[in-house]
Amino acid sequence: MPAVLATTALLLTAGCSSGGGSGGSGDSTAPGSTTANSSPSEQAAEQAPPAKGSVKVLRTVSTGLNTPWGLAPLPGGSLLVSSRDQGTITKVDEKTGRKTELGKVSGVSPAGEGGLLGIALSPDYASDHMIYAYFTSASDNRIVRMLYDAKKPSGEQLGAPDTIFKGIPKGYIHNGGRIAFGPDKMLYAGTGESGNRGLAQDKNSLGGKILRLTPEGDPAPGNPFPDSPVYTYGHRNVQGLAWDPEQRLFASEFGQDTWDELNAIKPGDNYGWPDAEGKSSDPEFHNPIAQWHTDDASPSGIAYAEGSIWMAALKGRRLWRIPLKGTEASAAPQAFLTGEYGRLRTVVPAGGDKLWLTTSNTDGRGNPKSGDDRILELQVG
C-alpha cells in the first residue's frame with residue numbers, strides 16, 4: 001500500500017488504498033469533444049465542487065450477471081448490459097431487476113480481456129432503434145450496429161450486426177472497448193495497444209488510441225489528422241470516456257506497473273505511452289490530471305456527475321471521485337466502496353445525482369464468492 005504523500009500537490013496525483021465505506025465523506029484520499037483545455041482564466045471562473053464528496057448505495061438493481069461490461073440506459077427506463085464472455089445483450093428492468101435477453105451478437109470471439117465489450121445507443125435511437133457495440137472477433141476488434149426490435153421474442157430481438165469499423169488490433173490483453181457518442185453526435189472509441197507497445201505511438205495504427213468516427217464509421221469531420229479516425233494517441237488501454245457539461249472529454253487509462261491515469265483529452269495530443277507512464281517532464285506528452293498506483297485503481301468506466309468524474313476501479317475494488325475545476329482536479333481524489341462489492345467495471349449517469357454501477361467479479365480475475373455481479377444504483381455528491 002503506498003504511503004500518503006507529503007504535499008497537497010502530490011496528493012492530487014498519487015493513490016492511497018485505505019479502507020472503504022458507502023456514505024458520508026470519502027474513506028481515503030489520493031495523491032470533450034474537447035477542442036482545447038480550458039485556460040487558467042476560464043478555470044478560475046468555474047465553480048469547483050466541495051473537496052469532499054459522498055456516496056450512498058440506494059439499492060441493488062439486479063444480480064446474477066455474467067461478465068457484465070457495457071451498460072446503456074434506454075429512454076424511459078431499463079438498462080442494456082453486455083456480457084463479455086457470453087456475447088449477449090440483456091435488458092434489465094431498472095425497477096424490478098427482471099432480465100430479458102435481447103440476443104447474442106454474432107461474430108464475437110471472447111478470450112482473455114476480449115469479447116463483447118462496450119455498447120452505446122445511436123444518437124438517433126428514438127427513430128432508428130440502433131445499438132452500437134465494440135467487440136473482439138476472430139481477427140480484430142470492431143464496431144458494429146444492430147437493430148433492436150422489442151416486439152420480437154426474447155433472444156431474437158437483435159438484428160444482424162452491420163460492421164461500421166474494423167481492423168482495431170486485438171490481443172489477449174489491452175483491447176480497449178469503451179464506446180460513447182459525444183455531444184457532437186460523433187462516436188468515440190477507446191482502444192488498447194493489444195500488448196504491442198509500439199502501436200500506441202504509431203499514428204497509422206488504430207491501437208492505443210481514442211478514435212472519433214461518424215455514426216457510419218468514417219473519420220469524423222474536424223479530426224486532427226487528415227482522413228484519419230485517430231483523435232489522440234500514446235495510450236496504453238482506454239476503457240473510460242465521459243464529458244462534462246462544457247463538452248470537455250475525459251478518459252481513464254490503465255498503467256502498467258506504476259501509474260494509472262485520468263486524462264483531459266485534447267485532440268491531436270500525445271499521451272505518452274510507452275515512453276511515459278503517469279506524469280512526465282517531457283513537454284511533448286500531455287500529462288494526466290490525476291494518477292494512481294495500479295493496485296489502487298486499474299480503471300475502467302468513468303462518468304460525470306455533480307461536478308466530479310467518478311471512476312470505477314477493477315484491481316482497486318473501489319469507486320474514485322475526482323472533483324474538477326475546468327480540466328484540472330480541484331482537490332484530492334476520494335475512494336468509496338473500497339472492497340465492498342469487489343471489482344468495479346462500468347459507471348454511467350442515471351440523471352442528477354444518481355449513477356448506475358456494475359461489478360466485475362466473474363471476469364476471471366475477481367472472486368465470484370464476494371458476490372454475484374450486479375448493477376447498483378448510487379446517489380453521489
# chains A, B, ... in the order shown; residues from 1 in each chain; ligands from 1
call {"tool": "residues_around", "arguments": {"residues": "segment 211-221 of chain A", "least_positions_apart": "3", "cutoff": "6 Å", "atoms": "only C-alpha atoms", "output": "JSON, numbers by chain"}}
result
{"A": [164, 165, 186, 187, 188, 189, 228, 229, 230, 231]}
call {"tool": "residues_around", "arguments": {"residues": "Asp202 of chain A", "least_positions_apart": "6", "cutoff": "9 Å", "atoms": "only C-alpha atoms", "output": "list in words"}}
result
Gly208, Tyr233 and Gly234 of chain A
call {"tool": "atom_distance", "arguments": {"atom1": "atom CA of Gly115 of chain A", "atom2": "atom CA of Pro73 of chain A"}}
result
20.7 Å
call {"tool": "closest_residue", "arguments": {"among": "A:Leu80, A:Leu319, A:Ala313, A:Val380", "to": "Leu102 of chain A", "atoms": "only C-alpha atoms"}}
result
A:Leu80
call {"tool": "residues_around", "arguments": {"residues": "Pro224 of chain A", "least_positions_apart": "2", "cutoff": "7 Å", "atoms": "only C-alpha atoms", "output": "compact mmCIF listing (two decimals) with N, CA and C atoms, in the first residue's frame"}}
result
# COMPACT_ATOMS: atom_id res chain seq x y z
N GLY A 222 -13.26 17.27 -38.90
CA GLY A 222 -12.55 18.05 -37.90
C GLY A 222 -11.54 17.28 -37.08
N PRO A 226 -5.52 14.41 -40.99
CA PRO A 226 -6.35 14.32 -42.19
C PRO A 226 -6.75 12.90 -42.56
N TYR A 231 -8.00 10.40 -32.88
CA TYR A 231 -8.28 11.66 -32.18
C TYR A 231 -7.13 12.02 -31.24
N PRO A 267 -7.67 17.06 -28.69
CA PRO A 267 -7.45 16.39 -29.97
C PRO A 267 -6.05 16.59 -30.51
N GLY A 268 -5.48 15.48 -31.01
CA GLY A 268 -4.15 15.51 -31.60
C GLY A 268 -3.02 15.31 -30.63
call {"tool": "closest_residue", "arguments": {"among": "A:Leu158, A:Leu378, A:Met130, A:Ala335", "to": "Glu101 of chain A", "atoms": "only C-alpha atoms"}}
result
A:Leu158
call {"tool": "residues_around", "arguments": {"residues": "segment 57-67 of chain A", "least_positions_apart": "3", "cutoff": "8 Å", "atoms": "only C-alpha atoms", "output": "NGL selection string"}}
result
:A and (22-23 or 83-86 or 92 or 94-98 or 360-363 or 372-379)
call {"tool": "select_by_dssp", "arguments": {"residues": "segment 249-372 of chain A", "states": "strand (DSSP E or B)", "output": "short mmCIF file (atom, residue, chain, number, x, y, z; two decimals) with C-alpha atoms, in the first residue's frame"}}
result
data_model
loop_
_atom_site.label_atom_id
_atom_site.label_comp_id
_atom_site.auth_asym_id
_atom_site.auth_seq_id
_atom_site.Cartn_x
_atom_site.Cartn_y
_atom_site.Cartn_z
CA LEU A 249 -13.85 14.88 -22.81
CA PHE A 250 -12.09 12.88 -20.09
CA ALA A 251 -10.65 9.36 -20.36
CA SER A 252 -9.31 6.76 -17.94
CA GLU A 253 -6.31 4.62 -18.81
CA TRP A 259 0.60 4.78 -12.63
CA ASP A 260 -2.99 4.57 -13.84
CA GLU A 261 -4.32 7.80 -15.28
CA LEU A 262 -7.29 10.12 -15.67
CA ASN A 263 -6.73 12.41 -18.64
CA ALA A 264 -8.36 15.53 -20.04
CA ASN A 270 0.24 12.51 -27.41
CA ALA A 290 -4.71 12.56 -11.67
CA GLN A 291 -2.81 9.31 -11.28
CA TRP A 292 -2.97 6.28 -9.02
CA HIS A 293 -0.80 3.32 -8.19
CA PRO A 299 -9.66 1.96 -14.01
CA SER A 300 -12.38 1.01 -16.43
CA GLY A 301 -15.56 3.10 -16.83
CA ILE A 302 -15.99 6.74 -15.86
CA ALA A 303 -18.98 9.07 -15.59
CA TYR A 304 -19.53 12.76 -14.84
CA ALA A 305 -21.96 13.82 -12.09
CA SER A 308 -16.80 15.30 -10.48
CA ILE A 309 -15.58 12.39 -12.55
CA TRP A 310 -16.49 9.04 -10.97
CA MET A 311 -14.10 6.24 -11.90
CA ALA A 312 -14.72 2.50 -11.45
CA ALA A 313 -11.62 0.58 -10.35
CA ARG A 318 -13.38 0.94 -5.30
CA LEU A 319 -15.10 3.96 -6.83
CA TRP A 320 -12.96 7.07 -7.15
CA ARG A 321 -14.32 10.62 -7.08
CA ILE A 322 -12.20 13.26 -8.83
CA PRO A 323 -13.61 16.77 -8.28
CA LEU A 324 -12.99 19.10 -11.20
CA LYS A 325 -12.39 22.75 -11.86
CA GLU A 328 -7.91 20.08 -13.57
CA ALA A 329 -8.56 18.15 -10.38
CA GLN A 334 -11.50 10.21 -2.79
CA ALA A 335 -12.25 6.50 -2.74
CA PHE A 336 -15.59 4.95 -1.84
CA LEU A 344 -16.00 -2.37 -10.38
CA ARG A 345 -16.26 -2.17 -14.17
CA THR A 346 -18.73 0.39 -15.51
CA VAL A 347 -20.35 3.55 -14.18
CA VAL A 348 -22.86 5.65 -16.12
CA PRO A 349 -25.04 8.66 -15.25
CA LYS A 354 -27.59 9.29 -9.41
CA LEU A 355 -25.27 6.74 -11.05
CA TRP A 356 -25.55 3.16 -12.27
CA LEU A 357 -22.57 0.97 -11.32
CA THR A 358 -21.71 -2.59 -12.40
CA THR A 359 -19.34 -5.03 -10.73
#
call {"tool": "select_by_dssp", "arguments": {"residues": "segment 54-216 of chain A", "states": "helix (DSSP H, G or I)", "output": "PyMOL selection string"}}
result
chain A and resi 125-128+197-201
call {"tool": "write_last_selection", "arguments": {"atoms": "C-alpha atoms", "output": "PDB file, in the first residue's frame"}}
result
ATOM      1  CA  TYR A 125     -32.159   5.945 -31.208  1.00  0.00           C
ATOM      2  CA  ALA A 126     -35.712   7.281 -30.875  1.00  0.00           C
ATOM      3  CA  SER A 127     -36.142   6.886 -34.626  1.00  0.00           C
ATOM      4  CA  ASP A 128     -33.635   4.232 -35.696  1.00  0.00           C
ATOM      5  CA  ARG A 197       3.636  -1.124 -27.080  1.00  0.00           C
ATOM      6  CA  GLY A 198       4.873   0.385 -30.309  1.00  0.00           C
ATOM      7  CA  LEU A 199       1.347   0.719 -31.719  1.00  0.00           C
ATOM      8  CA  ALA A 200       0.457   3.481 -29.255  1.00  0.00           C
ATOM      9  CA  GLN A 201       2.926   5.959 -30.812  1.00  0.00           C
TER      10      GLN A 201
END
call {"tool": "closest_residue", "arguments": {"among": "A:Gly182, A:Asp296, A:Asn223, A:Phe285", "to": "Asp257 of chain A", "atoms": "only C-alpha atoms"}}
result
A:Asp296
call {"tool": "residues_around", "arguments": {"residues": "Gln157 of chain A", "least_positions_apart": "2", "cutoff": "9 Å", "atoms": "only C-alpha atoms", "output": "PyMOL selection string"}}
result
chain A and resi 101-103+147-155+159
call {"tool": "write_last_selection", "arguments": {"atoms": "N, CA and C atoms", "output": "PDB file, in the first residue's frame"}}
result
ATOM      1  N   GLU A 101     -33.165 -11.374 -22.264  1.00  0.00           N
ATOM      2  CA  GLU A 101     -32.075 -11.401 -23.234  1.00  0.00           C
ATOM      3  C   GLU A 101     -32.558 -10.937 -24.594  1.00  0.00           C
ATOM      4  N   LEU A 102     -31.887  -9.923 -25.142  1.00  0.00           N
ATOM      5  CA  LEU A 102     -32.220  -9.460 -26.484  1.00  0.00           C
ATOM      6  C   LEU A 102     -31.742 -10.451 -27.526  1.00  0.00           C
ATOM      7  N   GLY A 103     -30.526 -10.946 -27.325  1.00  0.00           N
ATOM      8  CA  GLY A 103     -29.961 -11.892 -28.262  1.00  0.00           C
ATOM      9  C   GLY A 103     -28.459 -11.957 -28.138  1.00  0.00           C
ATOM     10  N   LEU A 147     -30.065  -3.469 -35.186  1.00  0.00           N
ATOM     11  CA  LEU A 147     -31.429  -3.019 -34.937  1.00  0.00           C
ATOM     12  C   LEU A 147     -32.001  -3.780 -33.739  1.00  0.00           C
ATOM     13  N   TYR A 148     -32.596  -3.050 -32.803  1.00  0.00           N
ATOM     14  CA  TYR A 148     -33.253  -3.656 -31.651  1.00  0.00           C
ATOM     15  C   TYR A 148     -34.761  -3.585 -31.868  1.00  0.00           C
ATOM     16  N   ASP A 149     -35.385  -4.758 -31.935  1.00  0.00           N
ATOM     17  CA  ASP A 149     -36.826  -4.848 -32.140  1.00  0.00           C
ATOM     18  C   ASP A 149     -37.451  -5.519 -30.920  1.00  0.00           C
ATOM     19  N   ALA A 150     -37.984  -4.700 -30.014  1.00  0.00           N
ATOM     20  CA  ALA A 150     -38.528  -5.214 -28.759  1.00  0.00           C
ATOM     21  C   ALA A 150     -39.792  -6.042 -28.969  1.00  0.00           C
ATOM     22  N   LYS A 151     -40.395  -5.984 -30.162  1.00  0.00           N
ATOM     23  CA  LYS A 151     -41.629  -6.730 -30.413  1.00  0.00           C
ATOM     24  C   LYS A 151     -41.367  -8.207 -30.707  1.00  0.00           C
ATOM     25  N   LYS A 152     -40.124  -8.535 -31.006  1.00  0.00           N
ATOM     26  CA  LYS A 152     -39.794  -9.929 -31.297  1.00  0.00           C
ATOM     27  C   LYS A 152     -39.602 -10.713 -30.002  1.00  0.00           C
ATOM     28  N   PRO A 153     -39.613 -12.055 -30.069  1.00  0.00           N
ATOM     29  CA  PRO A 153     -39.437 -12.857 -28.852  1.00  0.00           C
ATOM     30  C   PRO A 153     -38.062 -12.643 -28.222  1.00  0.00           C
ATOM     31  N   SER A 154     -37.999 -12.883 -26.928  1.00  0.00           N
ATOM     32  CA  SER A 154     -36.724 -12.810 -26.215  1.00  0.00           C
ATOM     33  C   SER A 154     -35.698 -13.703 -26.894  1.00  0.00           C
ATOM     34  N   GLY A 155     -34.491 -13.182 -27.036  1.00  0.00           N
ATOM     35  CA  GLY A 155     -33.419 -13.916 -27.685  1.00  0.00           C
ATOM     36  C   GLY A 155     -33.349 -13.694 -29.181  1.00  0.00           C
ATOM     37  N   GLY A 159     -31.018  -7.486 -34.505  1.00  0.00           N
ATOM     38  CA  GLY A 159     -30.790  -7.741 -35.909  1.00  0.00           C
ATOM     39  C   GLY A 159     -29.352  -8.152 -36.167  1.00  0.00           C
TER      40      GLY A 159
END
call {"tool": "atom_distance", "arguments": {"atom1": "atom CA of Leu206 of chain A", "atom2": "atom CA of His129 of chain A"}}
result
28.0 Å
call {"tool": "residues_around", "arguments": {"residues": "segment 70-72 of chain A", "least_positions_apart": "5", "cutoff": "7 Å", "atoms": "only C-alpha atoms", "output": "list in words"}}
result
Leu79, Leu80, Val81, Ser82, Leu117, Gly118, Ile119, Ala120, Leu121 and Thr346 of chain A
call {"tool": "closest_residue", "arguments": {"among": "A:Pro50, A:Pro333, A:Gly107, A:Pro183", "to": "Pro161 of chain A", "atoms": "only C-alpha atoms"}}
result
A:Gly107
